[in-house]
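model.cif (mmCIF, C-alpha atoms and all ligand atoms)
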data_protein
#
loop_
_atom_site.label_atom_id
_atom_site.label_comp_id
_atom_site.auth_asym_id
_atom_site.auth_seq_id
_atom_site.Cartn_x
_atom_site.Cartn_y
_atom_site.Cartn_z
CA MET M 1331 0.00 0.00 0.00
CA LYS M 1332 1.27 3.47 -0.90
CA PRO M 1333 1.13 5.99 1.94
CA VAL M 1334 -0.46 9.42 1.77
CA LYS M 1335 1.87 12.32 2.68
CA PHE M 1336 0.67 14.50 5.52
CA GLN M 1337 2.99 17.26 6.69
CA GLY M 1338 5.95 15.12 5.64
CA ALA M 1339 4.70 12.06 7.55
CA ASP M 1340 3.56 8.87 5.82
CA LEU M 1341 -0.05 8.05 6.56
CA TYR M 1342 -1.44 4.57 5.82
CA PRO M 1343 -5.22 4.89 6.18
CA ALA M 1344 -6.95 1.62 7.14
CA LEU M 1345 -3.75 -0.43 6.83
CA LEU M 1346 -5.10 -2.89 9.40
CA ASP M 1347 -8.40 -4.64 8.79
CA GLU M 1348 -10.74 -5.46 11.65
CA ALA M 1349 -9.30 -8.97 12.17
CA ALA M 1350 -5.76 -7.60 12.42
CA GLN M 1351 -6.91 -4.87 14.82
CA LYS M 1352 -8.67 -7.41 17.04
CA GLU M 1353 -5.63 -9.67 17.12
CA ILE M 1354 -3.41 -6.77 18.20
CA VAL M 1355 -5.89 -5.65 20.86
CA ALA M 1356 -5.97 -9.19 22.32
CA ASP M 1357 -2.16 -9.36 22.34
CA ILE M 1358 -1.91 -5.91 23.95
CA ARG M 1359 -4.41 -6.95 26.60
CA ALA M 1360 -1.87 -9.59 27.69
CA VAL M 1361 0.79 -6.86 27.83
CA THR M 1362 -1.39 -4.54 29.94
CA GLU M 1363 -2.36 -7.37 32.28
CA ALA M 1364 1.33 -8.07 32.94
CA ALA M 1365 2.32 -4.38 33.04
CA PRO M 1366 -0.73 -2.22 33.83
CA PRO M 1367 -0.78 1.25 32.22
CA GLN M 1368 -0.39 4.17 34.59
CA ARG M 1369 -0.70 7.93 34.37
CA PHE M 1370 2.90 8.97 34.96
CA GLU M 1371 3.86 12.07 36.86
CA THR M 1372 6.00 14.70 35.17
CA ARG M 1373 9.05 16.39 36.66
CA ARG M 1374 6.75 19.23 37.68
CA GLY M 1375 4.38 16.88 39.48
CA ARG M 1376 1.57 16.99 36.91
CA ARG M 1377 -0.09 13.75 35.90
CA LEU M 1378 -0.29 12.92 32.20
CA SER M 1379 -3.85 12.38 30.94
CA VAL M 1380 -2.75 9.39 28.84
CA ALA M 1381 -2.16 6.09 30.70
CA MET M 1382 1.01 4.35 29.51
CA THR M 1383 2.93 1.13 29.64
CA SER M 1384 5.50 -0.46 27.34
CA ALA M 1385 6.68 -3.68 25.77
CA GLY M 1386 10.17 -4.46 24.54
CA ARG M 1387 13.72 -4.18 25.79
CA VAL M 1388 13.17 -0.69 27.12
CA GLY M 1389 10.06 1.21 28.15
CA TRP M 1390 9.23 4.87 28.52
CA ILE M 1391 8.67 6.13 32.06
CA SER M 1392 8.30 9.48 33.78
CA ASP M 1393 8.52 10.60 37.39
CA ARG M 1394 9.80 13.51 39.46
CA ALA M 1395 13.31 12.77 38.13
CA GLY M 1396 12.07 13.41 34.57
CA TYR M 1397 11.24 11.12 31.67
CA ARG M 1398 13.47 8.49 30.13
CA TYR M 1399 13.70 5.00 28.68
CA ALA M 1400 14.17 2.37 31.36
CA PRO M 1401 15.20 -1.31 31.08
CA THR M 1402 12.75 -2.24 33.82
CA ARG M 1403 9.30 -1.18 34.94
CA PRO M 1404 8.87 1.10 37.95
CA ASP M 1405 8.33 -2.08 40.04
CA GLY M 1406 11.71 -3.43 38.89
CA ARG M 1407 10.33 -6.14 36.62
CA PRO M 1408 11.18 -6.43 32.90
CA TRP M 1409 8.77 -5.18 30.25
CA PRO M 1410 6.71 -7.79 28.38
CA GLU M 1411 7.86 -8.72 24.88
CA ILE M 1412 6.52 -6.85 21.86
CA PRO M 1413 3.81 -9.12 20.39
CA ASP M 1414 4.47 -10.58 16.91
CA SER M 1415 1.19 -9.12 15.64
CA VAL M 1416 2.58 -5.65 16.42
CA LEU M 1417 6.04 -6.35 14.97
CA ALA M 1418 4.26 -7.49 11.79
CA VAL M 1419 3.05 -3.91 11.26
CA TRP M 1420 6.64 -2.60 11.48
CA ARG M 1421 7.72 -5.31 8.99
CA ARG M 1422 5.06 -4.13 6.53
CA VAL M 1423 5.92 -0.43 6.61
CA VAL M 1424 9.64 -0.39 7.50
CA GLY M 1425 11.05 -3.85 6.71
CA GLU M 1426 13.20 -6.51 8.35
CA ASP M 1427 16.60 -4.84 8.61
CA ARG M 1428 16.03 -3.70 12.13
CA LEU M 1429 13.13 -4.31 14.48
CA PRO M 1430 11.97 -1.86 17.16
CA ASP M 1431 13.19 -2.45 20.71
CA SER M 1432 10.41 -0.44 22.35
CA CYS M 1433 6.65 -0.32 21.99
CA LEU M 1434 4.93 2.41 23.95
CA VAL M 1435 1.30 1.59 24.74
CA ASN M 1436 -0.80 4.75 25.14
CA PHE M 1437 -4.38 4.54 26.38
CA TYR M 1438 -6.60 7.61 25.91
CA ALA M 1439 -9.73 7.61 28.05
CA GLU M 1440 -12.39 10.29 27.55
CA GLY M 1441 -10.76 13.74 27.65
CA ALA M 1442 -7.16 12.51 27.35
CA ARG M 1443 -4.81 14.33 25.00
CA MET M 1444 -1.11 14.67 24.25
CA GLY M 1445 0.58 18.03 23.78
CA LEU M 1446 2.80 18.91 20.84
CA HIS M 1447 6.23 17.28 21.28
CA GLN M 1448 9.12 15.65 19.43
CA ASP M 1449 10.20 12.02 19.87
CA ARG M 1450 13.88 12.68 20.45
CA ASP M 1451 15.08 10.46 23.28
CA GLU M 1452 16.08 7.60 21.00
CA GLY M 1453 19.71 6.83 20.17
CA ASP M 1454 19.28 6.54 16.41
CA PHE M 1455 17.06 8.87 14.40
CA SER M 1456 17.77 7.02 11.17
CA TRP M 1457 14.94 4.63 12.06
CA PRO M 1458 11.37 5.89 11.83
CA VAL M 1459 8.71 5.99 14.52
CA VAL M 1460 5.69 3.85 13.64
CA SER M 1461 2.39 4.67 15.30
CA ILE M 1462 -0.67 2.41 15.23
CA SER M 1463 -4.15 3.79 16.02
CA LEU M 1464 -6.82 1.51 17.52
CA GLY M 1465 -10.25 2.34 18.87
CA ASP M 1466 -11.68 5.85 18.99
CA ASP M 1467 -10.86 8.51 16.38
CA ALA M 1468 -8.12 10.97 17.31
CA LEU M 1469 -7.22 14.40 16.00
CA PHE M 1470 -3.50 14.12 15.24
CA ARG M 1471 -1.52 17.34 14.86
CA VAL M 1472 1.78 17.52 12.97
CA GLY M 1473 4.04 20.55 12.70
CA GLY M 1474 7.57 20.98 11.49
CA VAL M 1475 10.93 20.12 13.00
CA GLU M 1476 11.03 23.62 14.51
CA ARG M 1477 8.30 24.37 17.02
CA PRO M 1478 7.04 27.61 15.39
CA ALA M 1479 6.44 25.91 12.03
CA PRO M 1480 2.75 25.84 11.09
CA SER M 1481 0.92 22.67 12.11
CA ARG M 1482 -2.10 20.91 10.66
CA SER M 1483 -4.25 18.16 12.05
CA VAL M 1484 -5.96 15.11 10.63
CA TRP M 1485 -8.41 12.61 12.13
CA LEU M 1486 -6.83 9.19 12.63
CA ARG M 1487 -9.15 6.19 12.69
CA SER M 1488 -8.81 2.68 14.05
CA GLY M 1489 -6.45 0.68 11.82
CA ASP M 1490 -4.55 3.73 10.53
CA VAL M 1491 -0.75 3.70 10.75
CA VAL M 1492 1.52 6.77 10.73
CA VAL M 1493 5.25 6.67 10.01
CA LEU M 1494 7.43 9.59 11.10
CA GLY M 1495 10.68 9.03 9.24
CA GLY M 1496 13.27 10.86 7.18
CA ALA M 1497 12.68 14.61 7.30
CA SER M 1498 9.61 14.13 9.51
CA ARG M 1499 11.36 11.92 12.09
CA LEU M 1500 11.74 14.87 14.47
CA ALA M 1501 8.54 16.70 13.54
CA PHE M 1502 6.47 18.09 16.39
CA HIS M 1503 3.23 16.14 16.82
CA GLY M 1504 0.49 15.52 19.36
CA ILE M 1505 -3.12 14.47 19.89
CA ASP M 1506 -5.54 17.41 20.25
CA ARG M 1507 -8.46 15.24 21.36
CA ILE M 1508 -10.25 11.99 20.80
CA ARG M 1509 -13.84 11.40 19.73
CA PHE M 1510 -14.82 9.28 22.71
CA GLY M 1511 -17.14 6.39 21.85
CA SER M 1512 -16.62 6.70 18.06
CA SER M 1513 -15.33 3.11 17.73
CA ARG M 1514 -16.62 -0.17 19.08
CA LEU M 1515 -13.22 -1.91 18.94
CA LEU M 1516 -12.33 -1.44 22.61
CA GLU M 1517 -14.75 -2.53 25.26
CA GLY M 1518 -15.67 0.60 27.20
CA GLY M 1519 -14.38 2.95 24.49
CA GLY M 1520 -11.20 4.99 24.36
CA ARG M 1521 -8.19 4.91 22.12
CA LEU M 1522 -5.14 2.69 22.12
CA ASN M 1523 -2.03 3.95 20.36
CA LEU M 1524 1.08 1.82 19.91
CA THR M 1525 4.31 3.64 19.15
CA LEU M 1526 7.20 1.52 17.89
CA ARG M 1527 10.71 2.92 18.11
CA VAL M 1528 14.36 1.91 17.80
CA VAL M 1529 15.86 3.27 21.00
CA GLU M 1530 19.28 1.61 21.15
CA ARG M 1531 21.99 2.60 18.73
CA ALA M 1532 23.21 -0.41 16.74
O1 LIG J 1601 -1.21 8.78 20.29
C1 LIG J 1601 -0.60 9.10 19.27
O2 LIG J 1601 -1.08 8.94 18.13
C2 LIG J 1601 0.75 9.76 19.37
C3 LIG J 1601 1.56 9.25 20.53
C4 LIG J 1601 2.89 9.90 20.64
O3 LIG J 1601 3.20 10.82 19.93
C5 LIG J 1601 3.87 9.43 21.62
O4 LIG J 1601 3.55 8.57 22.45
O5 LIG J 1601 5.01 9.92 21.60
MN MN J 1602 5.37 11.23 20.02
#
Show me the file's structure as structure tokens.
Amino acid sequence: MKPVKFQGADLYPALLDEAAQKEIVADIRAVTEAAPPQRFETRRGRRLSVAMTSAGRVGWISDRAGYRYAPTRPDGRPWPEIPDSVLAVWRRVVGEDRLPDSCLVNFYAEGARMGLHQDRDEGDFSWPVVSISLGDDALFRVGGVERPAPSRSVWLRSGDVVVLGGASRLAFHGIDRIRFGSSRLLEGGGRLNLTLRVVERA
């Protein structure tokens, strides 16, 4: 499938059919049962509205010491493995040469959002960031590599995949809001976003 360009990012609308989405949701449920998502605190003591957990060799955490990738969960245990159904999406849009070592699992309940930011804590920006949308629609905003660059937003739907690579790898992006209850994929509503990244330099 050929992607659509949006603000330099590659957008694959409806890349995942319903069966593929359901398989991923079931596999991610096993991840969240082993490592329950939590609303991390920021350095300033604010709680993020998005609940997060991770799979893979390293996971993203935040606390009063700041945010970072960590080889273990806050309770000291390792992160669950990235499910094959999720790695299969990376294989389709990036290839086999290198697989991601981190999968951030973001859960957006009603009212959750994510401010404009860059993904820049990884050791190797030559690999793209692959983001999988599941569940409720989300208004995704993408700007430029410099913060003042104009930004535009697009509604992402369940099964859509976005790749931030090349010139867009360090583009500012965020989620303005979700349309709570717009999808029936997740029991109880909400949005699940999986963000695959190569964190460790080869
Ligand atoms: O939820 C999304 O679509 C974006 C998530 C994101 O940008 C991140 O976790 O860094
Ligand atoms: Mn991001």
- prompt: Which chains and residue numbers are within 8 Å of ligand LIG 1601 (chain J), counting only C-alpha atoms and all ligand atoms, if I want them as a list in words?
  reply: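 Those residues are Leu1434, Val1435, Asn1436, Tyr1438, Met1444, His1447, Gln1448, Asp1449, Ser1461, Ile1462, Ser1463, Ala1468, Phe1470, Leu1486, His1503, Gly1504, Ile1505, Leu1522, Asn1523, Leu1524 and Thr1525 of chain M.
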task: Rounded to one decimal place, report the atom CA of Arg1443 of chain M-atom CA of Arg1521 of chain M distance in Å.
output: 10.4 Å
- request: May I have the protein, DNA and RNA residues with an atom at most 6 Å from (16.3, -5.7, 27.7), counting all atoms listed in the file in the file's coordinates, returned as number ranges by chain?
  value: M: 1387-1388, 1401
- prompt: Which residues come within 8 Å of Pro1343 of chain M, counting all atoms listed in the file, excluding same-chain residues fewer than 5 positions away, as a ChimeraX atom specification?
  reply: /M:1333-1334,1486-1487,1489-1491
Export C-alpha atoms of the chosen residues as a PDB file, in the coordinates of the input?
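Output file selection.pdb is given in full below:
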ATOM      1  CA  PRO M1333       1.130   5.990   1.940  1.00  0.00           C
ATOM      2  CA  VAL M1334      -0.460   9.420   1.770  1.00  0.00           C
ATOM      3  CA  LEU M1486      -6.830   9.190  12.630  1.00  0.00           C
ATOM      4  CA  ARG M1487      -9.150   6.190  12.690  1.00  0.00           C
ATOM      5  CA  GLY M1489      -6.450   0.680  11.820  1.00  0.00           C
ATOM      6  CA  ASP M1490      -4.550   3.730  10.530  1.00  0.00           C
ATOM      7  CA  VAL M1491      -0.750   3.700  10.750  1.00  0.00           C
TER       8      VAL M1491
END
- request: Pick out the closest residue to Ala1479 of chain M from this set: M:Gln1337, M:Gln1351, M:Ser1513, M:Thr1362. Count only C-alpha atoms.
  value: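 So, comparing all the options, the nearest one is M:Gln1337.
Compared by their closest atoms to ligand MN 1602 (chain J), and using all atoms listed in the file, the residues M:Asp1451, M:Asp1357, M:Asp1340, M:Asp1405 rank with M:Asp1451 nearest.
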Shell of 12 Å around Glu1353 of chain M, all atoms listed in the file, local chain residues under 3 positions omitted, as a VMD selection string: chain M and resid 1346 to 1350 1356 to 1360 1413 to 1416 1418 to 1419 1464 1489 1515 to 1516
Write a file of the selected residues as a PDB file, in the coordinates of the input, keeping C-alpha atoms.
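In the end it all went to part_33.pdb:
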ATOM      1  CA  LEU M1346      -5.100  -2.890   9.400  1.00  0.00           C
ATOM      2  CA  ASP M1347      -8.400  -4.640   8.790  1.00  0.00           C
ATOM      3  CA  GLU M1348     -10.740  -5.460  11.650  1.00  0.00           C
ATOM      4  CA  ALA M1349      -9.300  -8.970  12.170  1.00  0.00           C
ATOM      5  CA  ALA M1350      -5.760  -7.600  12.420  1.00  0.00           C
ATOM      6  CA  ALA M1356      -5.970  -9.190  22.320  1.00  0.00           C
ATOM      7  CA  ASP M1357      -2.160  -9.360  22.340  1.00  0.00           C
ATOM      8  CA  ILE M1358      -1.910  -5.910  23.950  1.00  0.00           C
ATOM      9  CA  ARG M1359      -4.410  -6.950  26.600  1.00  0.00           C
ATOM     10  CA  ALA M1360      -1.870  -9.590  27.690  1.00  0.00           C
ATOM     11  CA  PRO M1413       3.810  -9.120  20.390  1.00  0.00           C
ATOM     12  CA  ASP M1414       4.470 -10.580  16.910  1.00  0.00           C
ATOM     13  CA  SER M1415       1.190  -9.120  15.640  1.00  0.00           C
ATOM     14  CA  VAL M1416       2.580  -5.650  16.420  1.00  0.00           C
ATOM     15  CA  ALA M1418       4.260  -7.490  11.790  1.00  0.00           C
ATOM     16  CA  VAL M1419       3.050  -3.910  11.260  1.00  0.00           C
ATOM     17  CA  LEU M1464      -6.820   1.510  17.520  1.00  0.00           C
ATOM     18  CA  GLY M1489      -6.450   0.680  11.820  1.00  0.00           C
ATOM     19  CA  LEU M1515     -13.220  -1.910  18.940  1.00  0.00           C
ATOM     20  CA  LEU M1516     -12.330  -1.440  22.610  1.00  0.00           C
TER      21      LEU M1516
END
task: Give me, please, the distance in Å between atom CA of Glu1363 of chain M and atom CA of Asp1467 of chain M, quoted to one decimal.
output: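 So the two atoms, atom CA of Glu1363 of chain M and atom CA of Asp1467 of chain M, lie 24.0 Å apart.
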field: Straight-line distance linking atom CA of Asp1466 of chain M with atom CA of Phe1510 of chain M, stated in Å to one decimal
entry: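 Distance reported for this atom pair: 6.0 Å.
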